Each structure stands twice: as C-alpha cells, then as structure tokens.
Amino acid sequence: MLDFTLEPRPSPSRTMRLAMPLVATLMTLIGGVLIFSFLGKNPAQAMAAFFLAPISSLNGWSELLLKASPLCLIALGLAIGYRANVWNIGAEGQLLLGGIFASGVAIHFDGHGGPWLLPLMMAAGAVGGMLWAAIPALLRVRFNANEILVSLMLTYVATQLLIYLVSGPWQDPHGMNFPQSINFSRDALFPRFFGDWHWATWRGTRLNASIFMAAAAVPLAWCFMRKSFAGYRMEVGGLAPLAARYAGYSEPRAVWLALLIGGATAGLAGTGEVAGPVGQLQATWAPGYGFTAIIVAFVGRLHPIGIVLASLLMALLYLGGEAVQTSLQLPKAISGVFQGLLLFSLLGCDVFVNYRLRRRTHAMTRDA
Amino acid sequence: MDWINLLTPLAASAVIAAIPLMLAALGELVTEKSGVLNLGVEGTMLMGAIGAFAVTVQTGSLWLGVLAGIAAGVVMSAIFAWLTLSLMANQVATGLALTIFGIGLSAYVGRPYTDATIPMLRDLPIPGLSSIPVLGPSIFSLNPLGYLSVALLVAIAWFLYRSRAGLVLRSIGEAPSVAHAIGYPVVRIRYLATLFGGAMSGLAGAYYSVGYLRLWQENLTAGRGWIALALVVFATWRPGRTALGALLFGVVMALQFQAQAMGIRIPSQALASLPYLATIVVLVIISRNRQTIRLNAPASLGKPFFAGS
C-alpha cells in the first residue's frame with residue numbers, strides 16, 4: 001500500500017519556497033480547467049478568454065497595470081506588518097479613508113488648485129489611512145485588543161462613512177442625486193500618460209501617473225525589510241517575541257510601525273484610485289483591493305519582488321473575471337473563486353517548505 | 001403603555017438578530033476549545049446562507065435548505081481543516097483565505113437567486129408563555145430554528161463541561177502534546193471540532209437567509225461572522241456568556257431598525273455602524289486585562305500540532 005508520512009526538514013527548503021508559488025499557480029490553472037468544464041464551457045476556450053484575452057491588447061496591459069499597482073502598494077505595506085506578526089486585515093477601510101481624505105482636499109480646493117494640489121492630496125490620503133490604522137494600533141498597544149477584529153470592524157464603519165459623505169455633505173449638487181461627489185478638477189488628478197503627457201504608445205488607455213507610487217514603493221519596501229534596522233527589529237519581534245523582548249526591542253513600537261505603514265500605503269492606494277481612474281468620490285469606487293491585497297501579500301511570500309508578481313497575477317484574475325462576464329456570460333465573482341483557489345493551493349503546498357514527504361516504512365508504522 | 005409598544009418589537013428583533021450570532025459563535029467556541037483558530041466564519045456563514053437559500057428555492061423545502069446550509073458549512077471547514085491540520089498551513093492565513101473564497105463563491109453561486117422568494121418559516125408560539133408582556137413574543141414565539149438554537153446552546157454547554165468527551169476536547173486545546181502522549185488522537189479530534197464549528201456557521205448562515213431575511217444578496221451576512229469571532233473573545237470562551245453577548249449585540253442591531261420608531265434622529269449610516277463600533281468597544285473592555293484573556297483562551301489556540309515531532 002502506498003503510505004506516505006510527513007517528516008520535518010532540518011531547515012526550511014529554499015528551493016521549495018521558490019517553487020511552490022509556481023506549483024500553486026499551476027494547480028489553480030488546473031482547478032480553472034475543472035471549474036470551466038463543470039460549468040459546461042469549453043475549458044480551452046474559457047481559459048483563453050480568462051487569462052489571455054485580457055492582455056492581448058495594449059489597453060489590456062494598461063488595465064492590468066492600473067489594477068496591479070494599488071494591489072502591489074497595499075500588499076507591500078501589509079507584508080511589512082505580517083512579517084512582524086501584526087495582522088492588519090482592515091486595509092480596505094484604510095483604503096477608503098485614504099480616498100475620502102484625498103477627496104476632501106480635492107473638493108475643498110476645487111477651482112483654486114495648482115501643481116501643489118495633488119501632492120497635498122497624496123499626503124492627506126496617507127494620513128487618512130494612517131489615522132484609520134492608528135485606531136487598531138492604539139487599541140492593541142493600550143488595551144491588548146485584537147487588531148484583526150478591530151481593523152476589520154473599522155472597514156464596515158468606513159463604508160458607512162463613505163456612503164454618508166457621498167449621499168450627504170459631499171454629494172454633487174448637479175449629480176442627479178447619484179451617491180457621488182463632483183468630478184475632480186484637472187489639478188486634482190494624476191496626469192495621464194496619453195492625455196496629459198502625450199506618450200503616444202499609450203493612446204486610448206487610462207494609464208496615469210498613480211502607478212508610479214507602487215513602482216516607488218517596491219524598492220523602498222525592499223530596503224526597509226532587508227536593509228533597515230527597524231525592519232530587522234520588527235521581523236525578529238514577529239519570529240521570536242521572547243528573544244526580541246530579551247534584546248530590548250519594543251513590541252508596541254513594532255505594532256505601531258506595522259499598522260501605520262500599512263495604513264499609509266492603503267491610504268495612498270485610495271488616493272491613486274479616486275484621483276486616478278475614478279476621478280471623483282463614489283459610493284462604490286473600491287472593488288475590494290484591500291482584501292485582495294491580503295492574498296497578494298501571501299502569494300508574494302511577503303517579499304517585494306514576489307508581491308510585484310503576485311499583484312500582476314491577481315490583477316489578471318480580476319480582468320479575466322470581467323472578460324468572461326461579457327464573452328461567456330459568467331458572473332465576474334468567479335475571480336474571487338480563482339483568487340481563493342490560488343491562495344488555498346499555495347497554503348497547502350507550503351507544507352513542502354518545512355516538511356518532506358516520506359514513504360512510510362514498516363519500522364516507522366509502529367508509532368503511527 | 002407606550003414603552004411596551006416600543007420594547008416588545010425591540011426585544012423580538014434583538015432575539016432574532018442574536019440567534020445567528022450565537023450559533024456561529026458557539027461553533028467557533030467549540031473549534032477554538034480544541035486549539036484551532038478558524039477565522040473563516042464569515043465566508044462559511046455566507047456559503048451556508050446561499051447553500052440553504054438555493055436548495056430551498058430549488059426544492060421548495062425549508063428543511064432541505066437548512067440541511068444544505070449545514071453541509072456547505074461542513075465542506076468549507078473541511079477545506080480549512082485539511083489545510084491547517086493535515087498540511088499544517090498557517091491558521092490565520094487559511095482562515096482569511098476561506099473568507100475571501102466564501103465571499104467570492106457565494107456571490108458566484110448566488111447570482112441567479114437574487115430575486116427569488118421562499119416560503120416563511122412559521123413561528124411556533126408556546127401557549128401561555130408567549131403572552132407575557134415584552135419578553136413573551138420574543139423568547140417564547142420563535143421559529144423552529146430558534147428553538148433548535150437554544151437547545152444547541154444547552155447541549156454544547158453540557159458537552160464541554162459535563163461530558164468526558166468535552167474534557168478530552170478541552171485538554172487537547174490546552175496541552176495537545178500531553179493529550180497525544182496519553183493516547184488521544186489530537187488531529188482527529190481537532191478535525192471533528194473544526195467540522196462541527198463549520199456546521200454551526202453553516203446553520204447560522206442558513207438561519208440568516210431562510211429563517212430571518214428570506215432573501216439572498218451578495219455579502220448578505222455583512223460582517224456578522226467577524227462579530228461572532230469577537231463574541232467568542234468577549235465571552236472569554238464560555239457558552240453562557242456567548243449567548244448573553246449575542247443578545248447584547250442583538251439589541252444593538254435591533255436598535256438600528258427600531259430607532260426611527262423610537263424617534264431617534266441620527267443618520268442611518270451612523271446607526272448601521274453601531275454593531276461594528278460596539279464590537280470594538282466590547283473587545284477593548286474585555287481585552288484590557290491581559291490576564292483574563294491569557295487565563296481563559298485555550299493555551300494552544302492557533303498553534304499547529306505535529307504528531308511526529
């Protein structure tokens with residue numbers, strides 16, 4: 001009989017760490033084939049519509065970058081926290097607050113803008129996200145309250161705050177009663193690659209300068225995680241809290257840093273959305289990037305380069321969902337199914353990083 | 001009297017809102033007592049809700065629907081259990097993945113059912129008791145699922161603290177390696193506890209969609225799974241307090257709907273935020289004393305167990 005058992009490795013396997021995301025991606029693809037066959041669609045055709053059609057045009061690539069960059073930005077911030085064992089699950093709320101703060105600035109200075117307006121909005125967005133993240137940080141440090149639940153609850157509060165603003169004080173008086181703010185003026189928008197900068201290659205696409213925030217955040221996050229003492233200290237705190245305490249590292253400091261960094265990146269991503277592709281504050285402008293970024297952070301192995309790749313993959317899953325919605329009449333919620341499948345596969349495959357599969361011998365069956 | 005006319009519907013809707021919270025929280029309580037932290041309650045509840053609703057629409061039978069909801073919960077927690085208990089994946093990450101997966105899959109499966117209607121689960125008033133002012137209509141006029149929930153509360157409390165199996169379960173949550181050394185199958189019992197928790201979350205979701213709201217929409221549970229998780233902490237892992245906490249939240253949620261009748265004039269969004277803000281306040285109050293949490297939480301909560309080591 002084939003009887004396997006798991007045996008701990010003396011040290012985690014580096015090869016497996018790198019190989020498993022690929023294996024997990026492959027398993028997700030196989031899962032996709034199964035799902036599509038189960039739904040009665042031609043799997044090859046469906047897979048092509050899902051994974052290839054969205055990126056077969058320049059416009060598709062621009063949409064891919066537009067979706068991947070906020071995911072990447074948020075996931076980088078979250079990963080820094082997760083490495084320190086601080087579980088900020090409320091990035092969605094921090095993203096909303098970032099969008100709200102940036103929009104507040106844009107609405108306040110509407111018609112009186114200048115080149116200073118966009119940087120001010122970015123600062124406001126980052127502050128908004130940080131304020132929202134500061135609440136779970138404070139409650140965890142002062143009162144020991146679980147940051148997972150607090151940051152998550154605040155996401156629901158943020159949604160209500162957004163709905164209140166766009167259907168109340170900030171509602172566009174000429175907006176036909178839609179729950180949305182005024183359209184931002186040009187000073188309050190990220191420059192477009194084609195429209196503003198005349199980069200002819202990107203003719204007809206929505207690509208804009210907001211994607212540079214994610215591009216800049218990648219090396220910064222890498223330096224913070226790999227080169228800075230603060231980053232090292234946080235990681236030790238996460239891996240070995242007792243040793244860290246012995247070495248004099250403060251846990252509250254790590255909690256504060258982790259949440260504030262996560263809040264700032266989510267807030268910036270929110271700014272990038274409202275001042276980028278959306279161009280105003282709406283009741284439903286955020287398609288769950290804050291939650292998807294959690295998957296991105298894990299699939300990306302909490303590593304900046306991994307996160308870049310994972311955010312591109314996850315953006316492709318979003319686009320694929322939209323593509324099969326029109327071409328195969330499947331609801332786009334199928335994206336979430338694929339995203340979940342990918343994360344499950346990865347989490348399951350991870351066992352091979354720390355354990356190896358061994359054929360059970362007779363001598364070993366004794367203690368089973 | 002005027003206040004009776006205000007309090008009676010408030011108490012009734014508080015109890016109705018409390019039941020799914022209590023069911024999900026009790027299930028998670030049993031899971032956590034075995035040392036497993038399943039953060040996937042929200043996703044599991046959603047799958048239970050759509051599973052129950054879809055099967056009710058298809059078959060016309062509420063009870064088949066409820067069974068389907070429970071089954072959906074078991075399947076969801078089986079995924080979780082396999083990943084965390086057999087493959088030793090990180091419990092926090094896997095639970096989050098389960099919720100994200102459940103949100104996506106329930107939205108996908110539920111797409112054709114957003115306009116469907118289902119029959120009502122009838123209330124069964126207990127003669128005599130149900131005419132007690134204020135409390136009668138709320139406590140003694142529940143639907144069968146409501147009474148089942150009360151019975152489950154009693155059964156779980158008895159199981160955990162009065163039965164031998166409950167003692168084994170708790171010992172595994174406190175000291176799995178000791179329990180393993182004595183010869184108890186740690187992983188198998190954790191599997192059972194996790195599957196039971198999933199069944200309860202599925203039932204909670206089913207109650208939500210077919211026993212209470214009688215409709216399906218995306219993200220129907222709106223964070224109630226997370227509130228249930230907070231409730232377990234709030235109750236310091238005790239069944240009785242879980243029920244009390246659920247009632248407290250039920251009152252907060254009921255206020256949301258009764259506020260207008262009571263003449264409270266604040267924006268509806270502020271009222272809708274109330275349960276979430278209440279959760280935060282309650283978490284802070286309970287967690288303030290680190291000792292309470294440390295003494296009451298199962299000692300091995302969230303830690304993987306590997307029998308070979």
# chains A, B, ... in the order shown; residues from 1 in each chain; ligands from 1
>>> interface_residues(of="chain B", to="chain A", cutoff="9 Å", atoms="only C-alpha atoms", output="NGL selection string")
:B and (79-80 or 82-84 or 87-90 or 92-94 or 96-109 or 111 or 222-223 or 226-227 or 229-230 or 267-270 or 272-277 or 279-280 or 283-290 or 308-309)
>>> residues_around(residues="A:Ala323", least_positions_apart="5", cutoff="10 Å", atoms="only C-alpha atoms", output="count of residues only")
14
>>> atom_distance(atom1="atom CA of A:Leu64", atom2="atom CA of A:Ile35")
23.5 Å
>>> select_by_dssp(residues="stretch 21-270 of chain A", states="helix (DSSP H, G or I)", output="VMD selection string")
chain A and resid 21 to 38 43 to 55 58 to 83 91 to 108 117 to 143 147 to 167 186 to 188 200 to 202 211 to 226 229 to 239 241 to 246 251 to 270
>>> closest_residue(among="A:Gly195, A:Gly290, A:Pro70, A:Gly204", to="A:Val218", atoms="only C-alpha atoms")
A:Pro70
>>> closest_residue(among="A:Leu131, A:Ala84, A:Val324, A:Leu96", to="A:Val255", atoms="only C-alpha atoms")
A:Ala84
